[in-house]
Each structure stands twice: as C-alpha cells, then as structure tokens.
>>> print(open('query.cif').read())   # mmCIF, C-alpha atoms
data_data
loop_
_atom_site.label_atom_id
_atom_site.label_comp_id
_atom_site.auth_asym_id
_atom_site.auth_seq_id
_atom_site.Cartn_x
_atom_site.Cartn_y
_atom_site.Cartn_z
CA MET U 475 69.13 42.42 6.29
CA SER U 476 72.84 41.85 5.81
CA LEU U 477 74.47 39.44 3.39
CA ASN U 478 75.15 35.94 4.74
CA GLU U 479 72.07 36.22 6.92
CA THR U 480 69.63 33.36 6.43
CA VAL U 481 66.38 34.53 4.85
CA ILE U 482 64.67 31.12 4.71
CA ARG U 483 65.35 28.04 6.79
CA CYS U 484 63.25 25.00 5.90
CA LYS U 485 63.67 21.77 7.87
CA ASP U 486 62.14 18.37 7.02
CA LEU U 487 59.00 20.03 5.69
CA SER U 488 56.15 18.02 4.23
CA PHE U 489 52.81 19.30 2.97
CA ALA U 490 49.63 17.56 1.85
CA TYR U 491 46.26 18.92 0.78
CA GLU U 492 42.98 17.40 1.98
CA ASP U 493 43.44 14.24 -0.08
CA GLY U 494 46.34 13.33 2.18
CA VAL U 495 48.84 12.86 -0.68
CA ASN U 496 52.09 14.71 -0.04
CA VAL U 497 52.80 17.51 -2.50
CA LEU U 498 56.13 18.18 -0.78
CA GLU U 499 57.98 15.52 1.18
CA LYS U 500 60.76 16.01 3.74
CA ILE U 501 62.35 19.03 2.06
CA SER U 502 65.15 20.97 3.73
CA PHE U 503 67.07 24.01 2.48
CA GLU U 504 68.47 27.38 3.51
CA LEU U 505 68.62 30.59 1.48
CA GLU U 506 70.86 33.52 2.31
CA ALA U 507 70.15 37.23 1.84
CA GLY U 508 71.01 38.61 -1.61
CA GLU U 509 70.25 35.39 -3.47
CA PHE U 510 68.51 35.40 -6.84
CA THR U 511 67.18 31.88 -7.24
CA CYS U 512 64.66 30.16 -9.46
CA ILE U 513 62.28 27.32 -8.63
CA VAL U 514 61.81 24.85 -11.49
CA GLY U 515 59.92 21.60 -11.81
CA PRO U 516 57.00 19.90 -13.56
CA ASN U 517 53.43 21.14 -13.32
CA GLY U 518 51.94 19.97 -10.04
CA GLY U 519 55.38 19.37 -8.57
CA GLY U 520 54.89 21.77 -5.67
CA LYS U 521 56.45 25.03 -6.90
CA THR U 522 53.54 27.38 -6.13
CA THR U 523 52.79 25.43 -2.95
CA LEU U 524 56.32 26.16 -1.77
CA LEU U 525 55.83 29.90 -2.32
CA LYS U 526 52.58 29.81 -0.33
CA LEU U 527 54.36 28.02 2.51
CA ILE U 528 57.03 30.73 2.55
CA LEU U 529 54.26 33.34 2.75
CA GLY U 530 52.55 31.45 5.55
CA LEU U 531 49.36 31.09 3.50
CA LEU U 532 49.68 27.32 3.98
CA LYS U 533 50.88 25.46 7.06
CA PRO U 534 53.28 22.50 6.86
CA THR U 535 51.84 19.06 7.56
CA ASP U 536 55.16 18.28 9.20
CA GLY U 537 58.50 20.02 9.72
CA SER U 538 59.14 23.75 9.88
CA MET U 539 59.58 26.87 7.75
CA GLU U 540 61.23 30.02 9.11
CA VAL U 541 61.42 33.28 7.16
CA MET U 542 63.75 36.02 8.40
CA GLY U 543 64.17 34.19 11.68
CA ARG U 544 60.44 33.93 12.42
CA PRO U 545 57.74 31.34 11.66
CA ALA U 546 56.44 31.69 8.08
CA GLY U 547 53.59 34.19 8.04
CA LYS U 548 55.06 36.40 10.77
CA SER U 549 57.36 38.14 8.26
CA ARG U 550 54.76 38.63 5.53
CA ALA U 551 54.95 42.43 5.82
CA HIS U 552 58.53 42.22 4.50
CA ILE U 553 57.66 40.04 1.49
CA GLY U 554 56.52 41.26 -1.91
CA TYR U 555 54.46 38.66 -3.81
CA VAL U 556 53.35 38.55 -7.44
CA PRO U 557 51.02 35.55 -7.90
CA GLN U 558 50.80 33.52 -11.08
CA PHE U 559 47.29 34.60 -11.99
CA SER U 560 46.08 38.04 -10.95
CA LYS U 561 42.70 38.75 -12.47
CA PHE U 562 41.01 42.12 -12.65
CA ASP U 563 37.55 42.73 -14.03
CA ALA U 564 38.23 44.27 -17.43
CA GLY U 565 35.14 46.43 -17.02
CA PHE U 566 36.24 47.90 -13.71
CA PRO U 567 37.72 51.37 -14.34
CA VAL U 568 40.77 51.07 -12.09
CA SER U 569 43.85 53.07 -13.01
CA VAL U 570 47.42 51.78 -13.04
CA LEU U 571 48.18 54.00 -10.05
CA ASP U 572 45.19 52.54 -8.16
CA VAL U 573 46.51 49.01 -8.74
CA VAL U 574 49.97 49.91 -7.44
CA LEU U 575 48.52 51.66 -4.39
CA MET U 576 46.70 48.44 -3.48
CA GLY U 577 50.12 47.27 -2.31
CA CYS U 578 49.91 49.53 0.74
CA LEU U 579 46.30 48.88 1.78
CA SER U 580 47.46 47.29 5.02
CA TYR U 581 49.93 50.05 5.82
CA ASN U 582 48.40 53.09 7.52
CA PHE U 583 45.44 53.17 5.16
CA PHE U 584 42.82 55.45 6.72
CA TRP U 585 39.27 55.98 5.53
CA GLY U 586 40.00 55.43 1.86
CA ARG U 587 42.75 58.03 1.61
CA TYR U 588 46.32 57.54 0.57
CA SER U 589 48.99 59.85 1.93
CA ALA U 590 51.13 62.04 -0.28
CA ASP U 591 54.11 59.85 0.64
CA GLN U 592 52.29 56.70 -0.47
CA ILE U 593 51.33 58.27 -3.79
CA GLU U 594 54.91 59.41 -4.35
CA LYS U 595 56.14 55.92 -3.48
CA ALA U 596 53.70 54.45 -6.04
CA HIS U 597 55.02 56.75 -8.77
CA ASN U 598 58.58 55.76 -7.87
CA ALA U 599 57.61 52.08 -8.05
CA LEU U 600 56.14 52.64 -11.53
CA LEU U 601 59.35 54.36 -12.56
CA SER U 602 61.42 51.42 -11.32
CA VAL U 603 59.47 48.96 -13.51
CA GLY U 604 59.47 51.15 -16.62
CA LEU U 605 55.88 52.40 -16.46
CA HIS U 606 56.59 56.06 -15.78
CA GLY U 607 53.89 58.20 -17.40
CA LEU U 608 51.22 55.48 -17.37
CA ALA U 609 49.85 56.11 -13.86
CA THR U 610 46.49 57.46 -15.08
CA LYS U 611 46.01 54.85 -17.80
CA THR U 612 43.29 52.26 -17.24
CA PHE U 613 44.85 48.99 -16.10
CA ALA U 614 42.71 46.92 -18.50
CA ASP U 615 44.18 48.84 -21.45
CA LEU U 616 47.74 47.76 -20.71
CA SER U 617 49.51 45.00 -22.60
CA GLY U 618 50.17 41.71 -20.84
CA GLY U 619 53.76 42.67 -20.08
CA GLN U 620 52.75 46.11 -18.80
CA LYS U 621 50.13 44.58 -16.51
CA GLN U 622 52.77 42.29 -15.06
CA ARG U 623 55.08 45.26 -14.47
CA ALA U 624 52.28 47.09 -12.68
CA LEU U 625 51.71 44.08 -10.42
CA ILE U 626 55.42 43.95 -9.64
CA ALA U 627 55.28 47.67 -8.77
CA ARG U 628 52.37 46.86 -6.44
CA ALA U 629 54.54 44.24 -4.69
CA LEU U 630 57.32 46.81 -4.23
CA MET U 631 55.06 49.10 -2.21
CA SER U 632 55.81 47.17 0.99
CA GLU U 633 59.55 47.84 0.51
CA PRO U 634 60.21 44.09 0.68
CA LYS U 635 63.33 42.32 1.82
CA LEU U 636 62.20 39.25 -0.14
CA LEU U 637 60.38 39.25 -3.49
CA LEU U 638 58.44 36.15 -4.62
CA LEU U 639 57.52 35.93 -8.31
CA ASP U 640 55.33 33.12 -9.65
CA GLU U 641 56.03 32.79 -13.40
CA PRO U 642 56.34 36.56 -13.96
CA THR U 643 57.11 36.21 -17.69
CA ALA U 644 54.37 33.70 -18.56
CA ASN U 645 52.54 36.14 -20.87
CA VAL U 646 55.57 38.07 -22.12
CA ASP U 647 57.36 37.69 -25.47
CA ILE U 648 61.06 36.84 -25.78
CA HIS U 649 62.23 40.46 -26.05
CA GLY U 650 60.07 41.44 -23.09
CA THR U 651 61.34 38.47 -21.08
CA GLU U 652 64.93 39.63 -21.59
CA GLN U 653 63.96 43.09 -20.32
CA PHE U 654 62.22 41.58 -17.30
CA TYR U 655 65.28 39.60 -16.28
CA GLY U 656 67.45 42.71 -16.60
CA MET U 657 64.99 44.50 -14.31
CA PHE U 658 65.11 41.64 -11.80
CA GLU U 659 68.91 41.76 -11.77
CA GLU U 660 68.75 45.43 -10.75
CA MET U 661 66.18 44.66 -8.05
CA ASN U 662 68.39 41.85 -6.73
CA LYS U 663 70.93 44.50 -5.69
CA LYS U 664 68.39 45.61 -3.08
CA PHE U 665 66.67 42.40 -1.95
CA THR U 666 66.47 38.63 -2.24
CA ILE U 667 64.43 37.22 -5.13
CA ILE U 668 62.81 33.80 -5.53
CA MET U 669 61.10 33.17 -8.84
CA VAL U 670 59.14 30.28 -10.32
CA SER U 671 59.87 29.95 -14.03
CA HIS U 672 59.99 27.53 -16.95
CA ASP U 673 62.31 29.85 -18.91
CA ILE U 674 65.41 27.73 -18.35
CA GLY U 675 67.30 29.55 -21.11
CA PHE U 676 66.94 32.97 -19.54
CA VAL U 677 67.28 31.65 -16.00
CA SER U 678 70.65 30.02 -16.64
CA ALA U 679 72.25 33.37 -17.52
CA ARG U 680 70.71 35.37 -14.68
CA VAL U 681 70.12 33.53 -11.42
CA LYS U 682 72.72 32.26 -8.96
CA SER U 683 71.09 28.93 -8.13
CA VAL U 684 68.15 26.76 -9.11
CA ILE U 685 65.77 25.03 -6.70
CA CYS U 686 64.44 21.88 -8.36
CA VAL U 687 61.10 20.76 -6.94
CA ARG U 688 59.35 17.51 -7.73
CA LYS U 689 57.82 16.50 -4.41
CA THR U 690 61.34 16.46 -3.01
CA LEU U 691 63.82 19.34 -3.40
CA GLN U 692 67.37 19.81 -4.64
CA ILE U 693 69.40 23.00 -5.06
CA HIS U 694 71.87 23.27 -7.95
CA PRO U 695 74.32 26.02 -8.91
CA VAL U 696 73.42 27.13 -12.43
CA ALA U 697 76.63 25.62 -13.83
CA GLU U 698 75.44 22.17 -12.74
CA LEU U 699 72.28 22.20 -14.87
CA THR U 700 72.50 19.26 -17.27
CA GLY U 701 70.09 17.28 -19.38
CA GLU U 702 70.38 14.40 -16.93
CA ASN U 703 69.36 16.29 -13.78
CA LEU U 704 66.66 18.23 -15.63
CA GLN U 705 65.27 14.93 -16.89
CA SER U 706 65.14 13.63 -13.31
CA ILE U 707 63.14 16.69 -12.29
CA TYR U 708 60.78 17.04 -15.24
CA GLY U 709 60.38 13.35 -15.97
CA LEU U 710 60.94 14.03 -19.66
CA ASP U 711 63.51 13.21 -22.27
CA VAL U 712 65.23 16.61 -22.39
CA ASN U 713 68.34 18.00 -24.01
CA VAL U 714 70.22 21.05 -22.75
CA ILE U 715 71.60 23.11 -25.62
CA ARG U 716 73.79 26.14 -25.02
CA HIS U 717 73.74 28.82 -27.66
CA ASP U 718 74.57 32.48 -28.14
CA HIS U 719 72.31 35.46 -28.68
CA ARG U 720 71.64 37.79 -25.84
CA CYS U 721 71.17 35.51 -25.71
CA SER U 722 74.60 36.46 -27.46
CA GLU U 723 76.37 37.98 -24.44
CA LYS U 724 76.02 34.87 -22.29
CA GLY U 725 75.49 31.21 -23.06
CA HIS U 726 71.86 30.31 -22.48
CA THR U 727 70.43 26.91 -21.73
CA CYS U 728 67.43 25.76 -23.71
CA LEU U 729 65.12 22.97 -22.60
CA HIS U 730 63.84 20.69 -25.34
CA SER U 731 61.62 17.63 -24.87
#
>>> encode(input="query.cif", output="structure tokens")
Amino acid sequence: MSLNETVIRCKDLSFAYEDGVNVLEKISFELEAGEFTCIVGPNGGGKTTLLKLILGLLKPTDGSMEVMGRPAGKSRAHIGYVPQFSKFDAGFPVSVLDVVLMGCLSYNFFWGRYSADQIEKAHNALLSVGLHGLATKTFADLSGGQKQRALIARALMSEPKLLLLDEPTANVDIHGTEQFYGMFEEMNKKFTIIMVSHDIGFVSARVKSVICVRKTLQIHPVAELTGENLQSIYGLDVNVIRHDHRCSEKGHTCLHS
C-alpha cells in the first residue's frame, strides 16, 4: 500500500448496541497509509467499538466503513489486532512461541503442524519486539510488558498493512511505555498504526494525529491538543502541562484532572 492511499474511509457511521442508544453517531473520517494515530476519549465513549467496526467484528447501524477499499471485514487478513484484554489460563503450559504462532492459525495451517517458514517468521517477530531468546519460556511466566510484546508479535504474523492496538501500555511502567512507543515508531515505517491510549504525555511526542471520540469524532493534529479541547472530549476539568524529560528530548503533554 503506497503513501497517500486511503486506508480507512468512514462516512456518516452510527452504531448502537441492543439497547438502541448510539455509541457512535454520524462519524466521518479518512486515514491515509503511513499514519500513526491515537484514539482518545472517556471510558465508554466508543474507542474500542470503533476498532471493532474497523475489523468488521461489528456492523454499523447506519453509514459505511471501508478498509483498504473494501467493506470492513473483507480486509481483516491484512490487519494485525492486539485487544485490550487477552487472557490466557495461567495453568495452561503454552510457550511464548506457541502464542506467537497462533497469529497464523488461519494461514495454511494443516493438521496441527506449522511450517518451517512460519516458525522462522515467529522467531523474527519475537526479535522485532525485543523477546529474542524467550521463545521456549512459558507465557504465564512473562512479566506484563513481556506478555504484551508477545501478543504484538502474534499480531505481526499476518504481515499486516494496518496494526490496531487497544491500550497496549495499560499494564506497563513508565520506562517500559517509553520503550513501547519507540518500538511502535519503528513499526510505523512499515505499516499504518491506530492505537487506543490514555497516555496523552507519550502520545503527544510520538503520533501524527489524535482521533478524539466521545460519541462523535474529531481529528486533531498533535500540536492542536489543548486543555480546552481535551476537556470537551473527556468531560473533565483538565490542564495540559508540557514538560521535559524523555520525556527530556521532546515536550510531552500531561493530562491532569
């Protein structure tokens, strides 16, 4: 997919669950290839719902969603997805390599055997997320940050053109979060990334634009993030404070309520 090609085209989309109350209402936006954008908004504002609509796991109540020029769901093979909560039975003896290989279960998987190419691809995915040498370790024995890296490696197995990340740093400390965003920047050289996050400070120094979702949708360049427009999205009294720490290499935006 070349730059300037539209990856997502959403037109007048609304979505409601069975209670009939709209979670998303008449949203429209376009996203070009090569973007690294973050979805922000209050809890229950529709962020995860939007990701599921992009995947085609949910169908719009009204309007349309196209991904890579096709109806959402038809391009799922080209999307890597890391959900917000991936739970594995801690007592199940699955290795890190096994978890990563789950990412290719729908691709030429035959009678429980993985090909040599798939196994090599899994090792390369682990290398790309900084888990080289941990392939045989039991997944349950990993730290929270390592588990998240393994799940990202699993998403890379489909060689995605679009990577969707739902709060990928939720269980990661500040130092680990900085490393994650550096990793995402490298990945963004290869494909488009959309991420849900509350880490406004880290986001402001990394992503190119921010999609603000609170039933409706607005897209802002990072430079336009202010206390006023964040307050309109989160419904809180917030202050945006820029400070240095590398946080010291770039000014970061902190959200305070």
>>> resolve_selection(input="query.cif", expression="the PyMOL selection byres ((chain U and resi 487) around 10)", output="VMD selection string")
chain U and resid 484 to 486 488 to 489 498 to 503 527 533 to 539 690
>>> atom_distance(input="query.cif", atom1="atom CA of U:Lys663", atom2="atom CA of U:Ile626")
16.0 Å
>>> closest_residue(input="query.cif", among="U:His649, U:Gly604, U:Ala507, U:Phe613", to="U:Asp563", atoms="all atoms listed in the file")
U:Phe613
>>> closest_residue(input="query.cif", among="U:Ile528, U:Leu571, U:Asp673, U:Leu625", to="U:Ser549", atoms="all atoms listed in the file")
U:Ile528
>>> closest_residue(input="query.cif", among="U:Glu594, U:Asp615, U:Glu633, U:Asp493", to="U:Thr666", atoms="all atoms listed in the file")
U:Glu633
>>> resolve_selection(input="query.cif", expression="the PyMOL selection byres ((chain U and resi 596-600) around 9)", output="ChimeraX atom specification")
/U:570-572,574-575,577,591-595,601-609,623-624,626-628,630-631
>>> residues_around(input="query.cif", residues="U:Glu479", least_positions_apart="6", cutoff="12 Å", atoms="only C-alpha atoms", output="ChimeraX atom specification")
/U:504-509,541-543,635,666
>>> axis_aligned_box(input="query.cif", around="stretch 548-555 of chain U", padding_each_side="5 Å", output="AutoDock Vina command-line options")
--center_x 56.5 --center_y 39.4 --center_z 3.5 --size_x 14.1 --size_y 16.0 --size_z 24.6
>>> closest_residue(input="query.cif", among="U:Val497, U:Pro642, U:Met657, U:Phe665", to="U:Leu524", atoms="only C-alpha atoms")
U:Val497
>>> atom_distance(input="query.cif", atom1="atom CA of U:Val696", atom2="atom CA of U:Val684")
6.2 Å
>>> atom_distance(input="query.cif", atom1="atom CA of U:Met669", atom2="atom CA of U:Gly618")
18.3 Å
>>> resolve_selection(input="query.cif", expression="the PyMOL selection byres ((chain U and resi 650) around 12)", output="ChimeraX atom specification")
/U:604,617-620,622-623,642-649,651-657,676
>>> closest_residue(input="query.cif", among="U:Pro567, U:Pro695, U:Gly515, U:Pro545", to="U:Val670", atoms="all atoms listed in the file")
U:Gly515
>>> closest_residue(input="query.cif", among="U:His552, U:Arg544, U:Lys689, U:His672", to="U:Cys578", atoms="all atoms listed in the file")
U:His552
>>> residues_around(input="query.cif", residues="U:Phe510", least_positions_apart="4", cutoff="7 Å", atoms="all atoms listed in the file", output="PDB file with C-alpha atoms, in the coordinates of the input")
ATOM      1  CA  ASN U 662      68.390  41.850  -6.730  1.00  0.00           C
ATOM      2  CA  THR U 666      66.470  38.630  -2.240  1.00  0.00           C
ATOM      3  CA  ILE U 667      64.430  37.220  -5.130  1.00  0.00           C
ATOM      4  CA  ILE U 668      62.810  33.800  -5.530  1.00  0.00           C
ATOM      5  CA  VAL U 681      70.120  33.530 -11.420  1.00  0.00           C
ATOM      6  CA  LYS U 682      72.720  32.260  -8.960  1.00  0.00           C
TER       7      LYS U 682
END
